[in-house]
Protein chains: 2
Amino acid sequence: MAHGGGGLQMHAFLRRVVWSQLDNPYLREESDAAVLEVPPGMEAVFTTDSFVVQPLFFPGGDIGHLAVCGTINDLAMMGAEPAALSLALILEEGIEEALVEKVITSVRATAEAAGVPVVTGDTKVVERGHADQMYVTSSGVGWRRPGVVGGWRSVRPGDAVIVSGTIGHHGVAVLAARAELPFITELRSDAAPLHRLVKAALAACPAIRWMRDPTRGGVAAALNELAAQTGLSIELNEGAIPVAEDVRGAAEILGLDPLYLANEGRVLFVCAKEWAGRLVAALRAEPEGRGAVQIGQVGEAVAGGRVTVRTGWGGVRLVDMPSGEQLPRIC
Amino acid sequence: MAHGGGGLQMHAFLRRVVWSQLDNPYLREESDAAVLEVPPGMEAVFTTDSFVVQPLFFPGGDIGHLAVCGTINDLAMMGAEPAALSLALILEEGIEEALVEKVITSVRATAEAAGVPVVTGDTKVVERGHADQMYVTSSGVGWRRPGVVGGWRSVRPGDAVIVSGTIGHHGVAVLAARAELPFITELRSDAAPLHRLVKAALAACPAIRWMRDPTRGGVAAALNELAAQTGLSIELNEGAIPVAEDVRGAAEILGLDPLYLANEGRVLFVCAKEWAGRLVAALRAEPEGRGAVQIGQVGEAVAGGRVTVRTGWGGVRLVDMPSGEQLPRIC
């Protein structure tokens, strides 16, 4: 508990476990806030997410990696260049220092590889039995040129719906790690920072209307939100939706629909249909977008919006908004 | 748990309890990030804090009020005008909706009164028995003119040390609420947003070197940090340190030193000594600074820095960095 008290032990702990690793000129100020230069003419984009994933470590990632990726991706989806991250830790009394250190090592590795520094943070400690080990909240600030992405208001009937790769890896990987299902331990989360992929996409395609990383609730939730906001129908082609064989198999065993599984390294794009081919080609040229493919299109207006999928048998199935907990504690 | 799942129930809950209250054009976008215009020529200031205070409601405030004040104050201490806040909730499964609503009502009231909108957020739900009811993480972005405050590097021997009012209210109020000590229930937390006070101070005094809100660890921790950073001694005059009678009485009963008690509505200033009188006068003209007074001065360099207090008896006592948990879960 003393490590959260704001005193000597907290400072020693932070210096030893957190600051020494994340070291940069912002943190070296040891202020309660960081000062950032704003590139002239840019808008700021600001986001936050809490992470309560269980278990903390899973194939392909951990809570620290996830926090950095999730925050970078929320900025990237708005067309922003991520500039700075914050990291707020809520630790359970008695958590092993080595465990915190392992998470911070992962934060550092991911943030360094992404080129986005962690500039400010906070640490609180709660009594044993609370906060099962660790919760992480990260926020992010980025810069973007005004109007670089139109947003949902710019989506039109006929637009193409594109996904950057196979879906469902994160959801299945975390569930498998939690349930200790040995037969699917080879599945890995797709968690990855997507700002470089988005930058390449924006450079290649001036007609991107909307982007979203389909995290909690998966592709189904992200597209249902878009449908509800726009009042348009969104029509997917089941045969085009990329699902890796092992994810499909695991999802079947677990009774889950891949459209509802969380992703942490995929983007959904809506773009003008005449640009779809060029956007897919540009995505495939990037490591994070090799599996990019058009999975559907935006249809006509319908009261309240609607997402449907055309099955291999020629039928049409409604893709509902997930109604409750598909997979709790997935991020 | 379904309320944290990213699906229909979560959306309905957020719309009902959170968005409807905090309603503003940023939240109405229902994006994962908010877009902010940056005033030309300004730097950005970015901060984050998690709040795990127990109990959630205490005399003079609650976890929502505290989160808004704490975040605004971290920005203000850097000389920034707070522009936008984020709010990330970690809720315990089964928490009463009315309780969440009460906290959000408080967030709204404090944010509205301060003129700083909550522009983005996140909600996660963890199983019953975790997160005792609710943890709140808020981040903030503000704008400042480059160089508006020098920071600790600009502090010089001879500078005046000023506090904006009586100390220790927050620490004693939360402790009293937790311990249900009836004889001190009239004590109220000082939690308040301080950006207007700071703005008035900066307008009145061009020679402010450093500001800090003495939260966890109190005045002792804040000044020990400054002493360690600068390698200077800081000399306080015990008789000048303002402590309200009821706080002093409660602190004595509880065996606590007011210098170590948390504050959430006070600022410590260091300014050039020839400006001290004018700064104190300017602070006293503001509602949040009525009790402002000089409490000491910066002395010569000493290895590692040092904080001392001159007692009424002519002695000099060392004010150590708090070594462990003074008061856990105080913010």
# chains A, B, ... in the order shown; residues from 1 in each chain; ligands from 1
>>> closest_atom_pairs(of="stretch 294-329 of chain B", to="stretch 151-158 of chain B", cutoff="8 Å", atoms="only C-alpha atoms", output="Markdown table")
| residue | atom | partner | partner_atom | distance |
| --- | --- | --- | --- | --- |
| B:Gln297 | CA | B:Gly158 | CA | 6.1 |
| B:Val298 | CA | B:Pro157 | CA | 5.0 |
| B:Gly299 | CA | B:Pro157 | CA | 4.8 |
| B:Glu300 | CA | B:Pro157 | CA | 5.4 |
| B:Ala301 | CA | B:Pro157 | CA | 7.6 |
>>> closest_atom_pairs(of="chain A", to="chain B", cutoff="6 Å", atoms="only C-alpha atoms", output="JSON lines")
{"residue": "A:Ala2", "atom": "CA", "partner": "B:Glu325", "partner_atom": "CA", "distance": 4.2}
{"residue": "A:Gly5", "atom": "CA", "partner": "B:Glu325", "partner_atom": "CA", "distance": 4.4}
{"residue": "A:Gly6", "atom": "CA", "partner": "B:Arg216", "partner_atom": "CA", "distance": 5.3}
{"residue": "A:Gly7", "atom": "CA", "partner": "B:Pro322", "partner_atom": "CA", "distance": 4.7}
{"residue": "A:Leu8", "atom": "CA", "partner": "B:Ser323", "partner_atom": "CA", "distance": 4.6}
{"residue": "A:Gln9", "atom": "CA", "partner": "B:Gly324", "partner_atom": "CA", "distance": 5.7}
{"residue": "A:Asp32", "atom": "CA", "partner": "B:Asp74", "partner_atom": "CA", "distance": 5.9}
{"residue": "A:Ala33", "atom": "CA", "partner": "B:Thr47", "partner_atom": "CA", "distance": 4.4}
{"residue": "A:Ala34", "atom": "CA", "partner": "B:Phe46", "partner_atom": "CA", "distance": 5.3}
{"residue": "A:Val35", "atom": "CA", "partner": "B:Val45", "partner_atom": "CA", "distance": 4.5}
{"residue": "A:Leu36", "atom": "CA", "partner": "B:Ala44", "partner_atom": "CA", "distance": 4.9}
{"residue": "A:Glu37", "atom": "CA", "partner": "B:Glu43", "partner_atom": "CA", "distance": 5.1}
{"residue": "A:Val38", "atom": "CA", "partner": "B:Glu43", "partner_atom": "CA", "distance": 5.9}
{"residue": "A:Glu43", "atom": "CA", "partner": "B:Glu37", "partner_atom": "CA", "distance": 5.1}
{"residue": "A:Ala44", "atom": "CA", "partner": "B:Leu36", "partner_atom": "CA", "distance": 4.9}
{"residue": "A:Val45", "atom": "CA", "partner": "B:Val35", "partner_atom": "CA", "distance": 4.5}
{"residue": "A:Phe46", "atom": "CA", "partner": "B:Ala34", "partner_atom": "CA", "distance": 5.3}
{"residue": "A:Thr47", "atom": "CA", "partner": "B:Ala33", "partner_atom": "CA", "distance": 4.4}
{"residue": "A:Thr48", "atom": "CA", "partner": "B:Gly121", "partner_atom": "CA", "distance": 5.8}
{"residue": "A:Asp49", "atom": "CA", "partner": "B:Asp122", "partner_atom": "CA", "distance": 5.4}
{"residue": "A:Asp74", "atom": "CA", "partner": "B:Asp32", "partner_atom": "CA", "distance": 5.9}
{"residue": "A:Gly121", "atom": "CA", "partner": "B:Thr48", "partner_atom": "CA", "distance": 5.8}
{"residue": "A:Asp122", "atom": "CA", "partner": "B:Asp49", "partner_atom": "CA", "distance": 5.4}
{"residue": "A:His130", "atom": "CA", "partner": "B:His130", "partner_atom": "CA", "distance": 4.7}
{"residue": "A:Ala131", "atom": "CA", "partner": "B:Ala131", "partner_atom": "CA", "distance": 5.3}
{"residue": "A:Arg216", "atom": "CA", "partner": "B:Gly6", "partner_atom": "CA", "distance": 5.2}
{"residue": "A:Gly217", "atom": "CA", "partner": "B:Gly6", "partner_atom": "CA", "distance": 5.4}
{"residue": "A:Pro322", "atom": "CA", "partner": "B:Gly7", "partner_atom": "CA", "distance": 4.7}
{"residue": "A:Ser323", "atom": "CA", "partner": "B:Leu8", "partner_atom": "CA", "distance": 4.6}
{"residue": "A:Gly324", "atom": "CA", "partner": "B:Ala2", "partner_atom": "CA", "distance": 4.3}
{"residue": "A:Glu325", "atom": "CA", "partner": "B:Ala2", "partner_atom": "CA", "distance": 4.2}
>>> select_by_dssp(residues="stretch 219-321 of chain B", states="helix (DSSP H, G or I)", output="CSV table (one decimal) with C-alpha atoms, in the first residue's frame")
chain,number,residue,atom,x,y,z
B,219,VAL,CA,2.8,20.1,1.4
B,220,ALA,CA,5.6,17.9,2.8
B,221,ALA,CA,5.7,15.7,-0.3
B,222,ALA,CA,5.3,18.5,-2.8
B,223,LEU,CA,8.1,20.6,-1.3
B,224,ASN,CA,10.4,17.7,-0.8
B,225,GLU,CA,10.1,16.9,-4.5
B,226,LEU,CA,10.9,20.4,-5.3
B,227,ALA,CA,13.9,20.4,-2.9
B,228,ALA,CA,15.2,17.2,-4.4
B,229,GLN,CA,14.8,18.4,-8.0
B,230,THR,CA,16.5,21.8,-7.3
B,238,GLU,CA,5.6,27.0,11.4
B,239,GLY,CA,3.7,29.9,12.8
B,240,ALA,CA,2.8,31.1,9.3
B,245,GLU,CA,-8.8,24.9,14.0
B,246,ASP,CA,-11.0,21.9,13.3
B,247,VAL,CA,-8.3,20.4,11.0
B,248,ARG,CA,-5.7,20.9,13.6
B,249,GLY,CA,-7.8,19.3,16.3
B,250,ALA,CA,-8.7,16.3,14.1
B,251,ALA,CA,-5.1,15.9,13.0
B,252,GLU,CA,-4.0,15.8,16.6
B,253,ILE,CA,-6.6,13.2,17.6
B,254,LEU,CA,-5.6,11.1,14.7
B,258,PRO,CA,-1.1,18.7,8.7
B,259,LEU,CA,1.9,19.1,6.5
B,260,TYR,CA,1.4,15.5,5.3
B,273,LYS,CA,10.6,37.5,-3.3
B,274,GLU,CA,10.0,41.0,-4.5
B,275,TRP,CA,6.7,39.8,-6.0
B,276,ALA,CA,5.5,37.9,-2.9
B,277,GLY,CA,3.3,40.6,-1.5
B,278,ARG,CA,1.5,41.3,-4.8
B,279,LEU,CA,1.0,37.6,-5.5
B,280,VAL,CA,-0.5,37.1,-2.0
B,281,ALA,CA,-2.8,40.1,-2.5
B,282,ALA,CA,-3.9,38.9,-6.0
B,283,LEU,CA,-4.6,35.4,-4.6
B,284,ARG,CA,-6.7,36.8,-1.7
B,287,PRO,CA,-12.6,33.0,-3.8
B,288,GLU,CA,-10.2,30.0,-3.9
B,289,GLY,CA,-7.3,32.1,-2.5
>>> select_by_dssp(residues="stretch 6-86 of chain B", states="strand (DSSP E)", output="PyMOL selection string")
chain B and resi 34-36+43-51+57-58+61-62+81-86
>>> residues_around(residues="B:Trp313", least_positions_apart="2", cutoff="12 Å", atoms="only C-alpha atoms", output="ChimeraX atom specification")
/B:237-239,309-311,315-317
